[in-house]
Amino acid sequence: MFSCCVSPHDNLEETMKENRIAGFFKEVGNAFGLIGTAFSKGDWKTKLSFIIMGFGSLMRKQFARGIAFLAVEILYIWYIVSFGAGYIKDFGTLGVVATREEPAYFNGMEIGKTTILGDNSFLILLFSVMTIFITVLFIIIWYINIKNNYESQLKLEAGKKLPTNKQDLSSLLDHNFDKTLLIIPVLGVFIFVVIPIVFMILVAFTNYDANHQPPTNLFSWVGFENFKNLLSIGGAGFGSTFFTVLGWTLVWAFFATFLNYFGGMAVAILINKKGIKFKKLWRTILVMTIAVPQFVSLLYIGKMFAKDGLINGYLMKWGVIDSAIPFWTDPTLAKIMIIVINVWVGIPYVMLIATGLLMNIPEDLYESARIDGANPWQMFIKITLPYMLFVTGPYLLTSFTGNLNNFNVIYLLNTGSPLSTELTGGAGRTDLLITWLYKLTVNDTNYRMAAVIGIMVFVVTAVISLVVYNILPSVKDEEGFQ
């Protein structure tokens, strides 16, 4: 008889997710509620702080806080008036006046060209994004200012003392020291990670390519036209190429992950097997392949298997073959070669991980299995593999997602060749989405389609990661393996 049930652990996870979502909306509601309460019940000092940030703190002699809030407001106003507003106003069009050259005259005679500066779509988009983020940050600080002023008012009404300026400053190096340390890293994440990602996403909705290079040729918004182009099959659409490259990317990631995983595990089991001599020697030989930089080894192997490389040269010299084997020009053979070479590159890493894990499996489990009459294959299936999958589940996931974006192996071996007239955008038969994106950016300067593909890479990686992560044994039942 089969029964269907939901484990208490699953119910707990669902409840926690619902509580997190409810908690987020509750916090947002509380923030709006506090602003309304502060405006309706606050004294004149608190109300004036809605307009002049830090005013209430200054009037209550909390000069450190008041000056800090007021300085933020002054800097924001200065930034918007002198810089940000000029870009935000053109955000809807990304500029209409291109930079151009016109004849320059002196005493009625043309003496050359003069450059008339116009708009720059790239800078308008970049600084508009930056201004939006700065504005959001300012609103958050403005809210903190309101909250701080209202709380100070309530403390005074309750007969409590407010922190002194010295206490405020010393708190930055005491119980608020974590916030002080996080300021620079958080700013760095926003400047160097978040803003570029948002910028790339927005580029996907423009016509930024080789024919629209600012400042002489402006680009503009085109909506979802690029996404339609990526998914459209036939004509000049990228759909056929996209699905072909996506299919090979998924096939490559599957074999590159699991062949390395099981190959590395098999090598580790063989080396750890009792009776095998020179264990350290075999491990050292395998580790040596890690010591050699991939940049060197992959380029060298790529040249070895070229049409005029060492392999074809010696095989023809010895009379084994009459003509060169098309290792990199035949699409099927090229894909097989890439997968096989990646096995050689990746097995040593997994071997090192598996070696440490295999040593931690209790020997009593194997002894009990032998007494029960289990053969080596049954012990591997029932003991070794479940243990390895449980412990290395997150590694398998990160390895798979890493292989989806494995630029080095593909590009250094054969640059995604062979090229095909059936594929558009300069894509080759062995290109992954990431290498195709690189070619669109560097070779074709087709930034709009590269941005769309970048978004699709993120979507594919995120969906696979979330689905696999939630079914991993080590995630679903963290304490279940005994």
# chains A, B, ... in the order shown; residues from 1 in each chain; ligands from 1
call {"tool": "select_by_dssp", "arguments": {"residues": "segment 172-394 of chain A", "states": "helix (DSSP H, G or I)", "output": "PyMOL selection string"}}
result
chain A and resi 177-203+225-231+239-272+279-291+294-304+310-317+331-358+363-371+376-394
call {"tool": "residues_around", "arguments": {"residues": "Gly247 of chain A", "least_positions_apart": "3", "cutoff": "12 Å", "atoms": "only C-alpha atoms", "output": "NGL selection string"}}
result
:A and (240-244 or 250-254 or 404 or 429-433 or 460)
call {"tool": "residues_around", "arguments": {"residues": "Leu281 of chain A", "least_positions_apart": "5", "cutoff": "10 Å", "atoms": "only C-alpha atoms", "output": "count of residues only"}}
result
3
call {"tool": "residues_around", "arguments": {"residues": "segment 417-424 of chain A", "least_positions_apart": "2", "cutoff": "12 Å", "atoms": "only C-alpha atoms", "output": "count of residues only"}}
result
47
call {"tool": "select_by_dssp", "arguments": {"residues": "segment 58-223 of chain A", "states": "strand (DSSP E)", "output": "list in words"}}
result
Arg100, Glu101, Glu102, Pro103, Ala104, Tyr105, Phe106, Met109, Glu110, Ile111, Gly112, Lys113, Thr114, Thr115 and Ile116 of chain A
call {"tool": "write_last_selection", "arguments": {"atoms": "all heavy atoms", "output": "short mmCIF file (atom, residue, chain, number, x, y, z; two decimals), in the first residue's frame"}}
result
data_model
loop_
_atom_site.label_atom_id
_atom_site.label_comp_id
_atom_site.auth_asym_id
_atom_site.auth_seq_id
_atom_site.Cartn_x
_atom_site.Cartn_y
_atom_site.Cartn_z
N ARG A 100 28.13 66.05 -33.20
CA ARG A 100 28.37 66.15 -34.64
C ARG A 100 29.53 67.11 -34.90
O ARG A 100 29.94 67.87 -34.01
CB ARG A 100 27.11 66.63 -35.36
CG ARG A 100 26.69 68.03 -34.98
CD ARG A 100 25.30 68.37 -35.49
NE ARG A 100 24.96 69.76 -35.25
CZ ARG A 100 24.49 70.22 -34.09
NH1 ARG A 100 24.34 69.39 -33.06
NH2 ARG A 100 24.20 71.50 -33.95
N GLU A 101 30.02 67.05 -36.11
CA GLU A 101 31.08 67.96 -36.54
C GLU A 101 30.55 68.92 -37.60
O GLU A 101 29.82 68.51 -38.50
CB GLU A 101 32.27 67.18 -37.10
CG GLU A 101 33.03 66.40 -36.05
CD GLU A 101 34.30 65.78 -36.61
OE1 GLU A 101 34.45 65.74 -37.85
OE2 GLU A 101 35.14 65.32 -35.82
N GLU A 102 30.91 70.16 -37.46
CA GLU A 102 30.49 71.18 -38.41
C GLU A 102 31.72 71.97 -38.87
O GLU A 102 32.72 72.05 -38.14
CB GLU A 102 29.46 72.12 -37.78
CG GLU A 102 28.12 71.44 -37.49
CD GLU A 102 27.09 72.43 -36.98
OE1 GLU A 102 27.46 73.61 -36.76
OE2 GLU A 102 25.93 72.02 -36.80
N PRO A 103 31.64 72.57 -40.06
CA PRO A 103 32.79 73.35 -40.54
C PRO A 103 33.08 74.55 -39.63
O PRO A 103 32.17 75.18 -39.10
CB PRO A 103 32.32 73.81 -41.93
CG PRO A 103 31.24 72.87 -42.31
CD PRO A 103 30.55 72.48 -41.03
N ALA A 104 34.35 74.82 -39.47
CA ALA A 104 34.78 75.98 -38.68
C ALA A 104 35.33 77.03 -39.65
O ALA A 104 36.08 76.71 -40.58
CB ALA A 104 35.86 75.57 -37.69
N TYR A 105 34.94 78.27 -39.43
CA TYR A 105 35.31 79.35 -40.34
C TYR A 105 36.13 80.42 -39.61
O TYR A 105 35.95 80.66 -38.41
CB TYR A 105 34.06 79.99 -40.95
CG TYR A 105 33.25 79.05 -41.80
CD1 TYR A 105 32.18 78.34 -41.26
CD2 TYR A 105 33.56 78.86 -43.15
CE1 TYR A 105 31.43 77.47 -42.03
CE2 TYR A 105 32.81 78.00 -43.94
CZ TYR A 105 31.75 77.31 -43.38
OH TYR A 105 31.01 76.46 -44.14
N PHE A 106 37.03 81.05 -40.38
CA PHE A 106 37.79 82.19 -39.87
C PHE A 106 37.91 83.20 -41.00
O PHE A 106 38.45 82.89 -42.07
CB PHE A 106 39.19 81.75 -39.41
CG PHE A 106 40.00 82.88 -38.85
CD1 PHE A 106 39.73 83.39 -37.59
CD2 PHE A 106 41.02 83.44 -39.60
CE1 PHE A 106 40.48 84.43 -37.07
CE2 PHE A 106 41.78 84.50 -39.10
CZ PHE A 106 41.51 85.00 -37.82
N MET A 109 36.54 81.98 -44.26
CA MET A 109 37.18 80.81 -44.89
C MET A 109 37.09 79.60 -43.96
O MET A 109 37.27 79.72 -42.74
CB MET A 109 38.66 81.11 -45.20
CG MET A 109 38.86 82.24 -46.20
SD MET A 109 40.60 82.53 -46.53
CE MET A 109 41.06 80.93 -47.19
N GLU A 110 36.80 78.43 -44.55
CA GLU A 110 36.73 77.19 -43.77
C GLU A 110 38.13 76.74 -43.40
O GLU A 110 39.00 76.58 -44.26
CB GLU A 110 36.03 76.10 -44.57
CG GLU A 110 35.84 74.81 -43.79
CD GLU A 110 35.05 73.76 -44.55
OE1 GLU A 110 34.36 74.13 -45.53
OE2 GLU A 110 35.14 72.59 -44.15
N ILE A 111 38.36 76.56 -42.12
CA ILE A 111 39.70 76.19 -41.64
C ILE A 111 39.73 74.80 -41.01
O ILE A 111 40.75 74.37 -40.49
CB ILE A 111 40.21 77.22 -40.62
CG1 ILE A 111 39.23 77.30 -39.43
CG2 ILE A 111 40.41 78.57 -41.26
CD1 ILE A 111 39.74 78.18 -38.30
N GLY A 112 38.63 74.07 -41.04
CA GLY A 112 38.61 72.74 -40.45
C GLY A 112 37.24 72.38 -39.93
O GLY A 112 36.22 72.89 -40.41
N LYS A 113 37.23 71.51 -38.94
CA LYS A 113 35.99 71.03 -38.35
C LYS A 113 35.96 71.36 -36.86
O LYS A 113 37.00 71.38 -36.20
CB LYS A 113 35.84 69.52 -38.54
CG LYS A 113 35.80 69.06 -39.99
CD LYS A 113 34.50 69.43 -40.67
CE LYS A 113 34.44 68.84 -42.09
NZ LYS A 113 33.18 69.20 -42.78
N THR A 114 34.79 71.62 -36.37
CA THR A 114 34.60 71.82 -34.94
C THR A 114 33.53 70.84 -34.44
O THR A 114 32.56 70.56 -35.14
CB THR A 114 34.16 73.26 -34.62
OG1 THR A 114 34.03 73.40 -33.20
CG2 THR A 114 32.83 73.60 -35.26
N THR A 115 33.75 70.29 -33.27
CA THR A 115 32.85 69.29 -32.70
C THR A 115 31.79 69.97 -31.85
O THR A 115 32.12 70.72 -30.92
CB THR A 115 33.62 68.27 -31.85
OG1 THR A 115 34.60 67.62 -32.65
CG2 THR A 115 32.68 67.23 -31.27
N ILE A 116 30.54 69.72 -32.18
CA ILE A 116 29.41 70.23 -31.41
C ILE A 116 28.92 69.11 -30.50
O ILE A 116 28.36 68.12 -30.98
CB ILE A 116 28.27 70.73 -32.33
CG1 ILE A 116 28.81 71.72 -33.36
CG2 ILE A 116 27.15 71.34 -31.50
CD1 ILE A 116 29.42 72.97 -32.76
#
call {"tool": "atom_distance", "arguments": {"atom1": "atom CA of Gly454 of chain A", "atom2": "atom CA of Phe199 of chain A"}}
result
11.8 Å
call {"tool": "atom_distance", "arguments": {"atom1": "atom CA of Ala374 of chain A", "atom2": "atom CA of Thr392 of chain A"}}
result
24.5 Å
call {"tool": "closest_residue", "arguments": {"among": "A:Pro348, A:Gly66, A:Gly402, A:Gly264", "to": "Val457 of chain A", "atoms": "only C-alpha atoms"}}
result
A:Gly402
call {"tool": "residues_around", "arguments": {"residues": "Val296 of chain A", "least_positions_apart": "4", "cutoff": "12 Å", "atoms": "only C-alpha atoms", "output": "list of chain:residue names"}}
result
A:Thr289, A:Ile290, A:Ala291, A:Val292, A:Tyr300, A:Ile301, A:Gly302, A:Lys303, A:Asn408, A:Val409, A:Leu412, A:Leu413
call {"tool": "atom_distance", "arguments": {"atom1": "atom CA of Gly118 of chain A", "atom2": "atom CA of Val222 of chain A"}}
result
21.2 Å
call {"tool": "closest_residue", "arguments": {"among": "A:Asp308, A:Ala266, A:Tyr387, A:Ile336", "to": "Val350 of chain A", "atoms": "only C-alpha atoms"}}
result
A:Ala266
